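Okay, target-v8.csv is below, CSV, C-alpha atoms:
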chain,number,residue,atom,x,y,z
I,1,MET,CA,0.0,0.0,0.0
I,2,ALA,CA,1.2,3.5,-0.8
I,3,SER,CA,-0.5,6.8,-0.5
I,4,LEU,CA,0.5,10.2,-1.9
I,5,SER,CA,1.4,12.9,0.5
I,6,ASN,CA,-0.5,16.2,-0.2
I,7,SER,CA,2.3,18.5,-0.8
I,8,THR,CA,5.5,16.8,-1.8
I,9,ASN,CA,5.0,13.7,-3.9
I,10,ILE,CA,6.2,11.5,-1.1
I,11,PHE,CA,4.5,8.3,-0.5
I,12,TRP,CA,4.0,6.3,2.6
I,13,GLN,CA,5.2,2.7,2.4
I,14,GLU,CA,3.5,0.2,4.6
I,15,CYS,CA,5.4,-3.1,5.3
I,16,PRO,CA,3.7,-6.4,5.9
I,17,VAL,CA,5.7,-7.0,9.2
I,18,GLY,CA,4.5,-4.5,11.7
I,19,LYS,CA,5.1,-3.4,15.2
I,20,LEU,CA,2.8,-6.0,16.7
I,21,ASP,CA,4.8,-8.8,14.9
I,22,ARG,CA,8.1,-7.5,16.3
I,23,GLN,CA,6.7,-7.1,19.8
I,24,LYS,CA,5.5,-10.7,19.7
I,25,LEU,CA,9.0,-11.8,18.5
I,26,LEU,CA,10.6,-9.9,21.4
I,27,ASN,CA,7.9,-10.6,24.0
I,28,GLN,CA,7.7,-6.9,25.0
I,29,LYS,CA,6.1,-3.7,23.9
I,30,GLY,CA,8.0,-0.9,22.2
I,31,CYS,CA,8.1,2.4,24.1
I,32,VAL,CA,10.2,5.4,24.9
I,33,VAL,CA,11.6,6.0,28.4
I,34,TRP,CA,12.6,9.7,28.2
I,35,ILE,CA,15.0,10.7,31.0
I,36,THR,CA,15.2,14.4,31.6
I,37,GLY,CA,17.2,16.5,34.2
I,38,LEU,CA,20.1,18.7,34.9
I,39,SER,CA,23.7,17.8,33.9
I,40,GLY,CA,25.0,15.7,36.8
I,41,SER,CA,21.5,14.6,37.9
I,42,GLY,CA,22.2,10.9,37.1
I,43,LYS,CA,20.5,10.5,33.8
I,44,SER,CA,23.2,8.4,32.2
I,45,THR,CA,23.6,6.4,35.4
I,46,LEU,CA,20.0,5.5,35.4
I,47,ALA,CA,20.0,4.8,31.6
I,48,CYS,CA,22.9,2.3,32.1
I,49,SER,CA,21.5,0.7,35.1
I,50,LEU,CA,18.1,0.4,33.5
I,51,SER,CA,19.6,-1.0,30.3
I,52,ARG,CA,21.4,-3.7,32.4
I,53,GLU,CA,18.3,-4.6,34.4
I,54,LEU,CA,16.2,-5.0,31.3
I,55,HIS,CA,18.8,-7.0,29.5
I,56,SER,CA,19.1,-9.4,32.5
I,57,ARG,CA,15.4,-10.0,32.1
I,58,GLY,CA,15.8,-10.8,28.4
I,59,LYS,CA,14.4,-7.6,27.2
I,60,LEU,CA,15.8,-5.6,24.3
I,61,ALA,CA,16.5,-2.0,25.2
I,62,TYR,CA,18.6,0.6,23.5
I,63,VAL,CA,20.0,3.9,25.0
I,64,LEU,CA,20.0,7.1,23.0
I,65,ASP,CA,22.4,9.3,24.8
I,66,GLY,CA,22.2,13.0,24.0
I,67,ASP,CA,26.0,13.4,24.2
I,68,ASN,CA,26.6,10.4,22.0
I,69,LEU,CA,24.1,11.6,19.4
I,70,ARG,CA,26.0,14.9,19.2
I,71,HIS,CA,29.0,12.9,17.8
I,72,GLY,CA,26.8,11.5,15.0
I,73,LEU,CA,23.3,12.3,13.9
I,74,ASN,CA,23.3,15.7,15.6
I,75,LYS,CA,26.9,16.7,15.1
I,76,ASP,CA,25.8,19.7,13.0
I,77,LEU,CA,23.9,21.2,15.9
I,78,GLY,CA,25.1,23.5,18.7
I,79,PHE,CA,23.5,24.8,21.9
I,80,LYS,CA,21.5,27.7,20.7
I,81,PRO,CA,17.8,27.4,21.6
I,82,GLU,CA,16.8,26.5,18.0
I,83,ASP,CA,19.6,23.9,17.8
I,84,ARG,CA,18.6,22.4,21.2
I,85,THR,CA,15.0,22.2,19.8
I,86,GLU,CA,16.2,20.4,16.6
I,87,ASN,CA,18.5,18.2,18.7
I,88,ILE,CA,15.5,17.0,20.7
I,89,ARG,CA,13.2,16.8,17.7
I,90,ARG,CA,15.6,14.4,15.9
I,91,THR,CA,16.1,12.4,19.0
I,92,GLY,CA,12.4,12.1,19.5
I,93,GLU,CA,11.9,11.0,15.9
I,94,VAL,CA,14.6,8.3,16.2
I,95,ALA,CA,13.2,7.2,19.6
I,96,LYS,CA,9.9,6.8,17.9
I,97,LEU,CA,11.5,4.5,15.2
I,98,PHE,CA,13.1,2.4,17.9
I,99,ALA,CA,9.7,2.0,19.7
I,100,ASP,CA,8.1,1.1,16.4
I,101,ALA,CA,10.9,-1.5,16.0
I,102,GLY,CA,9.7,-3.0,19.3
I,103,LEU,CA,12.5,-1.9,21.5
I,104,ILE,CA,12.4,-0.2,24.9
I,105,CYS,CA,14.2,3.0,23.9
I,106,VAL,CA,15.8,4.9,26.7
I,107,ALA,CA,16.5,8.5,25.7
I,108,SER,CA,18.8,10.3,28.1
I,109,LEU,CA,19.1,14.0,27.5
I,110,ILE,CA,19.0,17.2,29.6
I,111,SER,CA,16.1,18.3,27.3
I,112,PRO,CA,15.5,21.4,29.3
I,113,TYR,CA,12.5,22.9,27.5
I,114,ARG,CA,9.1,21.6,28.3
I,115,LYS,CA,7.7,22.3,24.8
I,116,ASP,CA,10.4,20.2,23.2
I,117,ARG,CA,9.8,17.2,25.4
I,118,ASP,CA,6.0,17.6,24.8
I,119,THR,CA,6.7,17.6,21.0
I,120,CYS,CA,8.4,14.2,21.4
I,121,ARG,CA,5.5,13.0,23.6
I,122,ALA,CA,3.1,14.0,20.9
I,123,MET,CA,4.9,11.8,18.3
I,124,LEU,CA,3.8,8.7,20.2
I,125,PRO,CA,0.7,7.3,21.6
I,126,ASP,CA,0.6,9.0,25.0
I,127,LYS,CA,1.0,5.8,27.1
I,128,ASN,CA,4.2,4.8,25.1
I,129,PHE,CA,6.1,8.0,26.2
I,130,ILE,CA,7.3,7.6,29.7
I,131,GLU,CA,8.9,10.7,31.0
I,132,VAL,CA,11.3,10.2,33.9
I,133,PHE,CA,12.3,13.4,35.8
I,134,MET,CA,15.6,13.3,37.6
I,135,ASN,CA,14.5,15.7,40.3
I,136,MET,CA,17.9,16.5,41.9
I,137,PRO,CA,18.7,19.9,43.4
I,138,LEU,CA,21.1,22.1,41.4
I,139,ASP,CA,23.6,22.4,44.2
I,140,LEU,CA,23.9,18.6,44.4
I,141,CYS,CA,24.4,18.4,40.6
I,142,GLU,CA,26.9,21.2,40.7
I,143,ALA,CA,28.8,19.6,43.6
I,144,ARG,CA,29.0,16.3,41.7
I,145,ASP,CA,30.0,18.1,38.4
I,146,PRO,CA,31.1,14.8,36.9
I,147,LYS,CA,32.2,16.4,33.6
I,148,GLY,CA,33.6,19.6,35.2
I,149,LEU,CA,31.1,21.6,33.2
I,150,TYR,CA,29.5,23.6,36.0
I,151,ARG,CA,32.9,24.9,36.9
I,152,LEU,CA,33.5,26.0,33.3
I,153,ALA,CA,30.0,27.6,33.2
I,154,ARG,CA,30.5,29.5,36.5
I,155,ALA,CA,33.8,30.7,35.1
I,156,GLY,CA,32.0,32.0,32.0
I,157,LYS,CA,33.8,29.6,29.8
I,158,ILE,CA,30.6,27.9,28.6
I,159,LYS,CA,27.6,30.1,27.8
I,160,GLY,CA,24.0,29.0,27.9
I,161,PHE,CA,24.6,26.2,30.4
I,162,THR,CA,21.4,24.6,31.7
I,163,GLY,CA,20.8,25.6,35.3
I,164,ILE,CA,23.4,28.4,35.3
I,165,ASP,CA,22.5,30.8,32.5
I,166,ASP,CA,19.9,28.8,30.6
I,167,PRO,CA,16.6,27.6,32.2
I,168,TYR,CA,15.6,24.1,33.1
I,169,GLU,CA,11.8,23.7,32.9
I,170,PRO,CA,10.7,20.7,35.1
I,171,PRO,CA,8.0,18.4,33.8
I,172,LEU,CA,4.5,19.1,35.0
I,173,ASN,CA,3.1,15.7,34.5
I,174,CYS,CA,5.9,13.2,34.3
I,175,GLU,CA,5.2,9.5,34.7
I,176,ILE,CA,8.1,8.8,37.0
I,177,GLU,CA,10.1,11.1,39.4
I,178,ILE,CA,13.4,10.2,40.8
I,179,GLN,CA,14.4,12.1,43.9
I,180,GLN,CA,16.3,12.0,47.2
I,181,THR,CA,14.8,10.5,50.3
I,182,ASN,CA,15.8,12.3,53.5
I,183,GLY,CA,18.6,13.9,51.6
I,184,VAL,CA,20.0,10.6,50.2
I,185,CYS,CA,20.0,9.7,46.5
I,186,PRO,CA,18.7,6.4,45.5
I,187,ALA,CA,21.3,3.8,44.3
I,188,PRO,CA,21.4,3.2,40.5
I,189,THR,CA,19.7,-0.2,40.9
I,190,ALA,CA,17.0,1.4,43.0
I,191,MET,CA,16.3,4.0,40.4
I,192,ALA,CA,16.3,1.4,37.6
I,193,GLY,CA,14.0,-0.7,39.8
I,194,GLN,CA,11.5,2.1,40.0
I,195,VAL,CA,11.3,2.4,36.2
I,196,VAL,CA,11.2,-1.4,35.7
I,197,SER,CA,8.3,-1.7,38.2
I,198,TYR,CA,6.4,0.9,36.2
I,199,LEU,CA,7.1,-0.9,32.9
I,200,GLN,CA,6.1,-4.2,34.3
I,201,GLU,CA,2.9,-2.8,35.8
I,202,LYS,CA,1.9,-1.2,32.5
I,203,GLY,CA,2.5,-4.4,30.6
I,204,PHE,CA,5.6,-3.3,28.5
I,205,LEU,CA,7.6,-6.3,29.6
I,206,GLU,CA,5.4,-8.8,27.9
I,207,TYR,CA,3.8,-9.1,24.5
I,208,GLN,CA,0.2,-9.2,25.6
X,1,MET,CA,33.5,5.6,31.5
X,2,ALA,CA,33.4,9.0,29.9
X,3,SER,CA,35.9,10.8,27.8
X,4,LEU,CA,36.0,14.5,26.8
X,5,SER,CA,35.6,15.5,23.2
X,6,ASN,CA,38.3,17.8,22.0
X,7,SER,CA,36.2,20.7,20.8
X,8,THR,CA,32.9,20.9,22.4
X,9,ASN,CA,32.7,19.6,25.9
X,10,ILE,CA,30.7,16.6,24.8
X,11,PHE,CA,31.5,13.3,26.6
X,12,TRP,CA,31.1,9.8,25.3
X,13,GLN,CA,28.9,7.6,27.5
X,14,GLU,CA,29.7,3.9,27.4
X,15,CYS,CA,27.0,1.5,28.6
X,16,PRO,CA,27.6,-1.8,30.3
X,17,VAL,CA,25.2,-3.6,27.9
X,18,GLY,CA,26.9,-3.6,24.5
X,19,LYS,CA,26.2,-4.7,20.9
X,20,LEU,CA,27.6,-8.2,21.6
X,21,ASP,CA,25.1,-8.7,24.5
X,22,ARG,CA,22.2,-7.6,22.3
X,23,GLN,CA,23.3,-9.8,19.4
X,24,LYS,CA,23.4,-12.8,21.8
X,25,LEU,CA,19.9,-12.0,23.0
X,26,LEU,CA,18.7,-11.8,19.4
X,27,ASN,CA,20.8,-14.6,18.0
X,28,GLN,CA,21.8,-12.5,15.0
X,29,LYS,CA,24.4,-9.9,14.1
X,30,GLY,CA,23.5,-6.2,13.6
X,31,CYS,CA,24.1,-4.8,10.2
X,32,VAL,CA,22.8,-2.5,7.5
X,33,VAL,CA,21.4,-3.7,4.3
X,34,TRP,CA,21.4,-0.6,2.1
X,35,ILE,CA,19.1,-0.9,-1.0
X,36,THR,CA,19.8,1.7,-3.7
X,37,GLY,CA,18.3,2.2,-7.1
X,38,LEU,CA,16.0,4.3,-9.3
X,39,SER,CA,12.5,5.1,-8.4
X,40,GLY,CA,10.4,2.1,-9.5
X,41,SER,CA,13.3,-0.3,-9.4
X,42,GLY,CA,11.7,-2.4,-6.6
X,43,LYS,CA,13.5,-1.2,-3.5
X,44,SER,CA,10.4,-1.1,-1.3
X,45,THR,CA,9.2,-4.4,-2.7
X,46,LEU,CA,12.5,-6.0,-1.8
X,47,ALA,CA,12.6,-4.3,1.6
X,48,CYS,CA,9.2,-5.7,2.5
X,49,SER,CA,9.8,-9.1,1.2
X,50,LEU,CA,13.1,-9.3,3.0
X,51,SER,CA,11.5,-8.1,6.2
X,52,ARG,CA,8.9,-10.8,6.0
X,53,GLU,CA,11.5,-13.5,5.2
X,54,LEU,CA,13.7,-12.5,8.1
X,55,HIS,CA,10.8,-12.3,10.5
X,56,SER,CA,9.6,-15.8,9.5
X,57,ARG,CA,13.1,-17.0,10.6
X,58,GLY,CA,12.7,-15.3,13.9
X,59,LYS,CA,15.1,-12.5,13.1
X,60,LEU,CA,14.6,-8.9,14.1
X,61,ALA,CA,14.7,-6.5,11.1
X,62,TYR,CA,13.6,-3.0,10.7
X,63,VAL,CA,13.0,-1.1,7.5
X,64,LEU,CA,14.1,2.6,7.2
X,65,ASP,CA,12.2,3.8,4.1
X,66,GLY,CA,13.5,7.0,2.6
X,67,ASP,CA,10.0,8.3,1.8
X,68,ASN,CA,8.7,7.5,5.3
X,69,LEU,CA,11.7,9.3,6.9
X,70,ARG,CA,10.8,12.4,4.9
X,71,HIS,CA,7.6,12.5,6.9
X,72,GLY,CA,9.5,12.5,10.2
X,73,LEU,CA,13.2,12.8,10.9
X,74,ASN,CA,14.0,14.4,7.5
X,75,LYS,CA,10.8,16.4,7.0
X,76,ASP,CA,12.8,19.6,7.0
X,77,LEU,CA,14.8,18.5,4.0
X,78,GLY,CA,14.0,18.9,0.2
X,79,PHE,CA,15.6,17.5,-2.9
X,80,LYS,CA,18.4,19.9,-3.5
X,81,PRO,CA,21.8,18.1,-3.7
X,82,GLU,CA,22.8,19.3,-0.2
X,83,ASP,CA,19.5,18.2,1.2
X,84,ARG,CA,19.7,14.8,-0.5
X,85,THR,CA,23.2,14.5,1.1
X,86,GLU,CA,21.9,15.4,4.5
X,87,ASN,CA,19.0,13.1,4.1
X,88,ILE,CA,21.3,10.2,3.4
X,89,ARG,CA,23.7,11.2,6.1
X,90,ARG,CA,21.0,11.2,8.8
X,91,THR,CA,19.6,7.9,7.5
X,92,GLY,CA,23.0,6.4,7.7
X,93,GLU,CA,23.5,7.6,11.2
X,94,VAL,CA,20.2,6.1,12.3
X,95,ALA,CA,20.9,2.8,10.4
X,96,LYS,CA,24.2,2.7,12.3
X,97,LEU,CA,22.3,3.0,15.6
X,98,PHE,CA,19.9,0.2,14.6
X,99,ALA,CA,22.8,-2.1,13.7
X,100,ASP,CA,24.4,-1.2,17.0
X,101,ALA,CA,21.2,-2.2,18.7
X,102,GLY,CA,21.6,-5.6,17.1
X,103,LEU,CA,19.0,-5.3,14.3
X,104,ILE,CA,19.3,-6.1,10.7
X,105,CYS,CA,18.5,-2.6,9.4
X,106,VAL,CA,17.1,-2.5,5.9
X,107,ALA,CA,17.5,1.0,4.5
X,108,SER,CA,15.6,1.6,1.3
X,109,LEU,CA,16.4,4.9,-0.5
X,110,ILE,CA,17.2,6.0,-4.1
X,111,SER,CA,20.5,7.4,-2.6
X,112,PRO,CA,21.6,8.4,-6.1
X,113,TYR,CA,25.1,9.7,-5.3
X,114,ARG,CA,28.0,7.4,-4.8
X,115,LYS,CA,29.8,9.6,-2.3
X,116,ASP,CA,26.8,9.8,0.0
X,117,ARG,CA,26.4,6.0,0.1
X,118,ASP,CA,30.1,5.7,0.7
X,119,THR,CA,29.8,8.1,3.6
X,120,CYS,CA,27.3,5.7,5.2
X,121,ARG,CA,29.5,2.7,4.5
X,122,ALA,CA,32.4,4.5,6.2
X,123,MET,CA,30.3,4.9,9.4
X,124,LEU,CA,30.3,1.1,9.9
X,125,PRO,CA,32.8,-1.7,9.9
X,126,ASP,CA,33.0,-2.5,6.1
X,127,LYS,CA,31.5,-6.0,6.3
X,128,ASN,CA,28.5,-4.7,8.2
X,129,PHE,CA,27.4,-2.5,5.4
X,130,ILE,CA,25.7,-4.5,2.7
X,131,GLU,CA,25.0,-2.5,-0.4
X,132,VAL,CA,22.2,-3.9,-2.6
X,133,PHE,CA,21.9,-2.4,-6.1
X,134,MET,CA,18.6,-2.7,-7.8
X,135,ASN,CA,20.0,-2.7,-11.3
X,136,MET,CA,16.9,-2.2,-13.4
X,137,PRO,CA,16.8,-0.3,-16.7
X,138,LEU,CA,15.4,3.2,-16.6
X,139,ASP,CA,12.8,2.4,-19.3
X,140,LEU,CA,11.5,-0.5,-17.2
X,141,CYS,CA,11.3,1.7,-14.0
X,142,GLU,CA,9.6,4.5,-16.1
X,143,ALA,CA,7.1,2.0,-17.6
X,144,ARG,CA,6.2,0.8,-14.1
X,145,ASP,CA,6.0,4.3,-12.7
X,146,PRO,CA,4.2,3.1,-9.6
X,147,LYS,CA,3.9,6.6,-8.1
X,148,GLY,CA,3.3,8.4,-11.3
X,149,LEU,CA,6.4,10.5,-10.7
X,150,TYR,CA,8.3,9.8,-14.0
X,151,ARG,CA,5.2,11.2,-15.8
X,152,LEU,CA,5.3,14.3,-13.7
X,153,ALA,CA,9.1,14.6,-14.2
X,154,ARG,CA,8.8,14.2,-18.0
X,155,ALA,CA,6.1,16.9,-18.0
X,156,GLY,CA,8.5,19.2,-16.1
X,157,LYS,CA,6.3,19.2,-13.0
X,158,ILE,CA,9.0,17.7,-10.8
X,159,LYS,CA,12.6,19.1,-11.1
X,160,GLY,CA,15.7,17.2,-10.3
X,161,PHE,CA,14.2,13.8,-10.6
X,162,THR,CA,16.7,11.0,-10.5
X,163,GLY,CA,17.2,9.3,-13.9
X,164,ILE,CA,15.5,12.2,-15.7
X,165,ASP,CA,17.2,15.4,-14.9
X,166,ASP,CA,19.4,14.4,-12.0
X,167,PRO,CA,22.0,11.6,-12.1
X,168,TYR,CA,22.0,8.1,-10.6
X,169,GLU,CA,25.5,6.9,-10.0
X,170,PRO,CA,25.5,3.1,-9.8
X,171,PRO,CA,27.7,1.4,-7.2
X,172,LEU,CA,31.1,0.2,-8.2
X,173,ASN,CA,31.6,-2.4,-5.6
X,174,CYS,CA,28.2,-3.4,-4.2
X,175,GLU,CA,27.8,-6.6,-2.2
X,176,ILE,CA,24.6,-7.7,-4.0
X,177,GLU,CA,23.2,-6.9,-7.4
X,178,ILE,CA,19.6,-7.6,-8.3
X,179,GLN,CA,18.9,-7.7,-12.0
X,180,GLN,CA,16.7,-9.2,-14.7
X,181,THR,CA,17.4,-12.6,-16.2
X,182,ASN,CA,16.6,-12.9,-19.9
X,183,GLY,CA,14.5,-9.8,-19.6
X,184,VAL,CA,12.5,-11.1,-16.6
X,185,CYS,CA,12.6,-9.5,-13.2
X,186,PRO,CA,13.0,-11.8,-10.2
X,187,ALA,CA,10.0,-12.3,-8.0
X,188,PRO,CA,10.0,-10.5,-4.6
X,189,THR,CA,10.7,-13.7,-2.7
X,190,ALA,CA,13.6,-14.6,-5.1
X,191,MET,CA,15.1,-11.1,-4.5
X,192,ALA,CA,14.7,-11.5,-0.8
X,193,GLY,CA,16.2,-15.0,-1.0
X,194,GLN,CA,19.3,-13.7,-2.7
X,195,VAL,CA,19.9,-11.3,0.3
X,196,VAL,CA,19.0,-13.8,2.9
X,197,SER,CA,21.5,-16.3,1.4
X,198,TYR,CA,24.2,-13.6,1.6
X,199,LEU,CA,23.3,-12.8,5.2
X,200,GLN,CA,23.3,-16.5,6.1
X,201,GLU,CA,26.6,-17.2,4.4
X,202,LYS,CA,28.3,-14.2,6.1
X,203,GLY,CA,27.0,-15.3,9.5
X,204,PHE,CA,24.6,-12.5,10.3
X,205,LEU,CA,21.7,-14.8,11.1
X,206,GLU,CA,23.3,-16.3,14.1
X,207,TYR,CA,25.1,-14.9,17.1
X,208,GLN,CA,28.4,-16.6,16.6

Give the structure from the file, written as structure tokens.
Amino acid sequence: MASLSNSTNIFWQECPVGKLDRQKLLNQKGCVVWITGLSGSGKSTLACSLSRELHSRGKLAYVLDGDNLRHGLNKDLGFKPEDRTENIRRTGEVAKLFADAGLICVASLISPYRKDRDTCRAMLPDKNFIEVFMNMPLDLCEARDPKGLYRLARAGKIKGFTGIDDPYEPPLNCEIEIQQTNGVCPAPTAMAGQVVSYLQEKGFLEYQ
Amino acid sequence: MASLSNSTNIFWQECPVGKLDRQKLLNQKGCVVWITGLSGSGKSTLACSLSRELHSRGKLAYVLDGDNLRHGLNKDLGFKPEDRTENIRRTGEVAKLFADAGLICVASLISPYRKDRDTCRAMLPDKNFIEVFMNMPLDLCEARDPKGLYRLARAGKIKGFTGIDDPYEPPLNCEIEIQQTNGVCPAPTAMAGQVVSYLQEKGFLEYQ
């Protein structure tokens, strides 16, 4: 089947093997776990721990790391607001393809602007976009400073750094929030466990 | 592990679950099957047939269709040479991610310029990029004209149409060539079979 796009002579090609078939093969449901938060808030740590936990259960996950994508797909983009928006848009489009392929796609990006995240959410059926907010205080992230970037930003050597001289807009209705308990951060496996429990409860870890 | 990029303060994040682990889970090897050829040469037909054949063997494949991507990831791009190049570059980057995820990624795009295809090849270990050339004569493709585009191009209503007023550069060293035998085109299952045989012979359909 093919249908003509209104404006541009571009057809849509439908393939006989679809998302449901791939989900059955994998015994899981494709979705996007979108991890957002400040630099140093633990996004990559959660992504890795989650990826390990899902793999140990025989589930196929793939991590789209914002920094890694900037070495490839998004290497033409900088950090101006419009570049950040395009960076998120492309990542969302790719995450959507991975979910369509049947994978649990774990996107890990600061993604500071609410409207950009909501654009990605709107690309997918709502329940297939699982927004995870790493709700860690700025002073903790800055104290960790695993990449030394806050120091550079405070010294004025990086401009437009999220949390310092560029805003971070926290989610209003995220599916999962990771935060400290009595001033203590959860361990990586505990954070991953929180997400896995959600996925299990919502039926993403089985085909039907 | 994380390492600092020279120019842009972008780190590389390595995850504990890697390509080999995913390949083992899927019992296959990730790769890119890149189908190139004129409009109407049968690229989508092969992609669909191949996807069906691989699925029936329990293998996880995913089709990246050039037209479909132009509705999403590449919707900001047109058909000027630089836009075509960027279209192919992004598709190559995404195909590389899918191969890294362990999938057999089937990319189906006219991809008329040799240097653009070679750019994608260079993104992957050479043996993991399998170029399939749909070597069908222009007059056959034009007679088929499944989307009515040759007619529009001949009438001057589409400019820069590959094969009419924009060049198609055939591969010089493709891995697989699909062509007519005594003036007869192979059936879709026969074309798919040719690719599956190659994948099997090269060990892509098993983990080790």

Item to complete: For atom CA of Gln194 of chain X and atom CA of Ala99 of chain X, determine how far apart the two atoms are, in Å to one decimal place.
Response: 20.4 Å

Practice prompt. Scan for residues within 8 Å of the point (19.1, 12.7, 36.1) in the coordinates of the file, using all atoms listed in the file, and reply as a ChimeraX atom specification.
Written response: /I:35-46,110,133-136,178

Fill in: Pick from X:Cys48, X:Tyr113, X:Glu175, X:Ala192 nearest to Glu82 of chain X, counting all atoms listed in the file
X:Tyr113

Worksheet item: So, counting all atoms listed in the file, which residue among X:Pro186, X:Pro167, X:Pro137, X:Gly102 is closest to chain I?
Response: X:Gly102

Worksheet item: So how many Å separate atom CA of Ile164 of chain X and atom CA of Asp83 of chain X, to one decimal?
Response: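 Result for atom CA of Ile164 of chain X versus atom CA of Asp83 of chain X: 18.4 Å, one decimal.
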
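For the point (26.8, 17.3, 38.5), the residues with at least one atom inside 9 Å, counting all atoms listed in the file, are Leu38, Ser39, Gly40, Ser41, Gly42, Leu138, Asp139, Leu140, Cys141, Glu142, Ala143, Arg144, Asp145, Pro146, Lys147, Gly148, Leu149 and Tyr150 of chain I.
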
Discussion item. Would you mind listing, as a PyMOL selection string, all residues of chain I that have at least one atom within 8 Å of chain X, where only C-alpha atoms are what counts?
Written reply: chain I and resi 4+9-13+15-17+22+25+44+48+51-52+55+58+60+62+65+67-68+70+72-73+89-90+93-94+98+101+147+149

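One distance worth recording is that between atom CA of Tyr207 of chain X and atom CA of Ala95 of chain I, which is 25.2 Å.
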
Fill in: Long-range neighbours of Gln208 of chain I as a PyMOL selection string, 12 Å cut-off, only C-alpha atoms, 4 positions minimum in chain
chain I and resi 20-21+23-30+200+202-204

Item to complete: Identify which of the residues I:Ile104, I:Ile88, I:Ala153, I:Cys185 lies closest to Asp118 of chain I, counting all atoms listed in the file when measuring atom-to-atom distances.
Response: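 Closest to Asp118 of chain I, using all atoms listed in the file: I:Ile88.
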
Missing atoms in segment 126-130 of chain I need filling: write out all heavy atoms for it as a tab-separated table (two decimals), in the frame of the given file.
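This is the output file result06.tsv:
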chain	number	residue	atom	x	y	z
I	126	ASP	N	0.22	8.40	23.76
I	126	ASP	CA	0.60	9.00	25.00
I	126	ASP	C	1.21	7.98	26.02
I	126	ASP	O	2.21	8.22	26.66
I	126	ASP	CB	-0.57	9.73	25.67
I	126	ASP	CG	-0.10	10.71	26.75
I	126	ASP	OD1	0.79	11.52	26.46
I	126	ASP	OD2	-0.60	10.63	27.88
I	127	LYS	N	0.59	6.81	26.11
I	127	LYS	CA	1.00	5.80	27.10
I	127	LYS	C	2.42	5.25	26.78
I	127	LYS	O	3.06	4.65	27.63
I	127	LYS	CB	0.01	4.74	27.32
I	127	LYS	CG	-0.16	3.80	26.13
I	127	LYS	CD	-1.17	2.71	26.46
I	127	LYS	CE	-1.45	1.81	25.27
I	127	LYS	NZ	-0.27	1.26	24.59
I	128	ASN	N	2.86	5.40	25.53
I	128	ASN	CA	4.20	4.80	25.10
I	128	ASN	C	5.32	5.81	25.35
I	128	ASN	O	6.45	5.51	25.00
I	128	ASN	CB	4.13	4.44	23.65
I	128	ASN	CG	3.28	3.22	23.41
I	128	ASN	OD1	2.66	2.70	24.34
I	128	ASN	ND2	3.22	2.75	22.18
I	129	PHE	N	5.01	6.98	25.88
I	129	PHE	CA	6.10	8.00	26.20
I	129	PHE	C	6.12	8.10	27.71
I	129	PHE	O	5.19	8.60	28.34
I	129	PHE	CB	5.74	9.31	25.54
I	129	PHE	CG	6.84	10.33	25.68
I	129	PHE	CD1	7.87	10.38	24.76
I	129	PHE	CD2	6.86	11.24	26.73
I	129	PHE	CE1	8.90	11.32	24.87
I	129	PHE	CE2	7.87	12.18	26.87
I	129	PHE	CZ	8.88	12.22	25.92
I	130	ILE	N	7.19	7.61	28.29
I	130	ILE	CA	7.30	7.60	29.70
I	130	ILE	C	8.39	8.54	30.16
I	130	ILE	O	9.58	8.31	29.96
I	130	ILE	CB	7.64	6.11	30.18
I	130	ILE	CG1	6.52	5.19	29.72
I	130	ILE	CG2	7.85	6.04	31.69
I	130	ILE	CD1	6.98	3.80	29.34
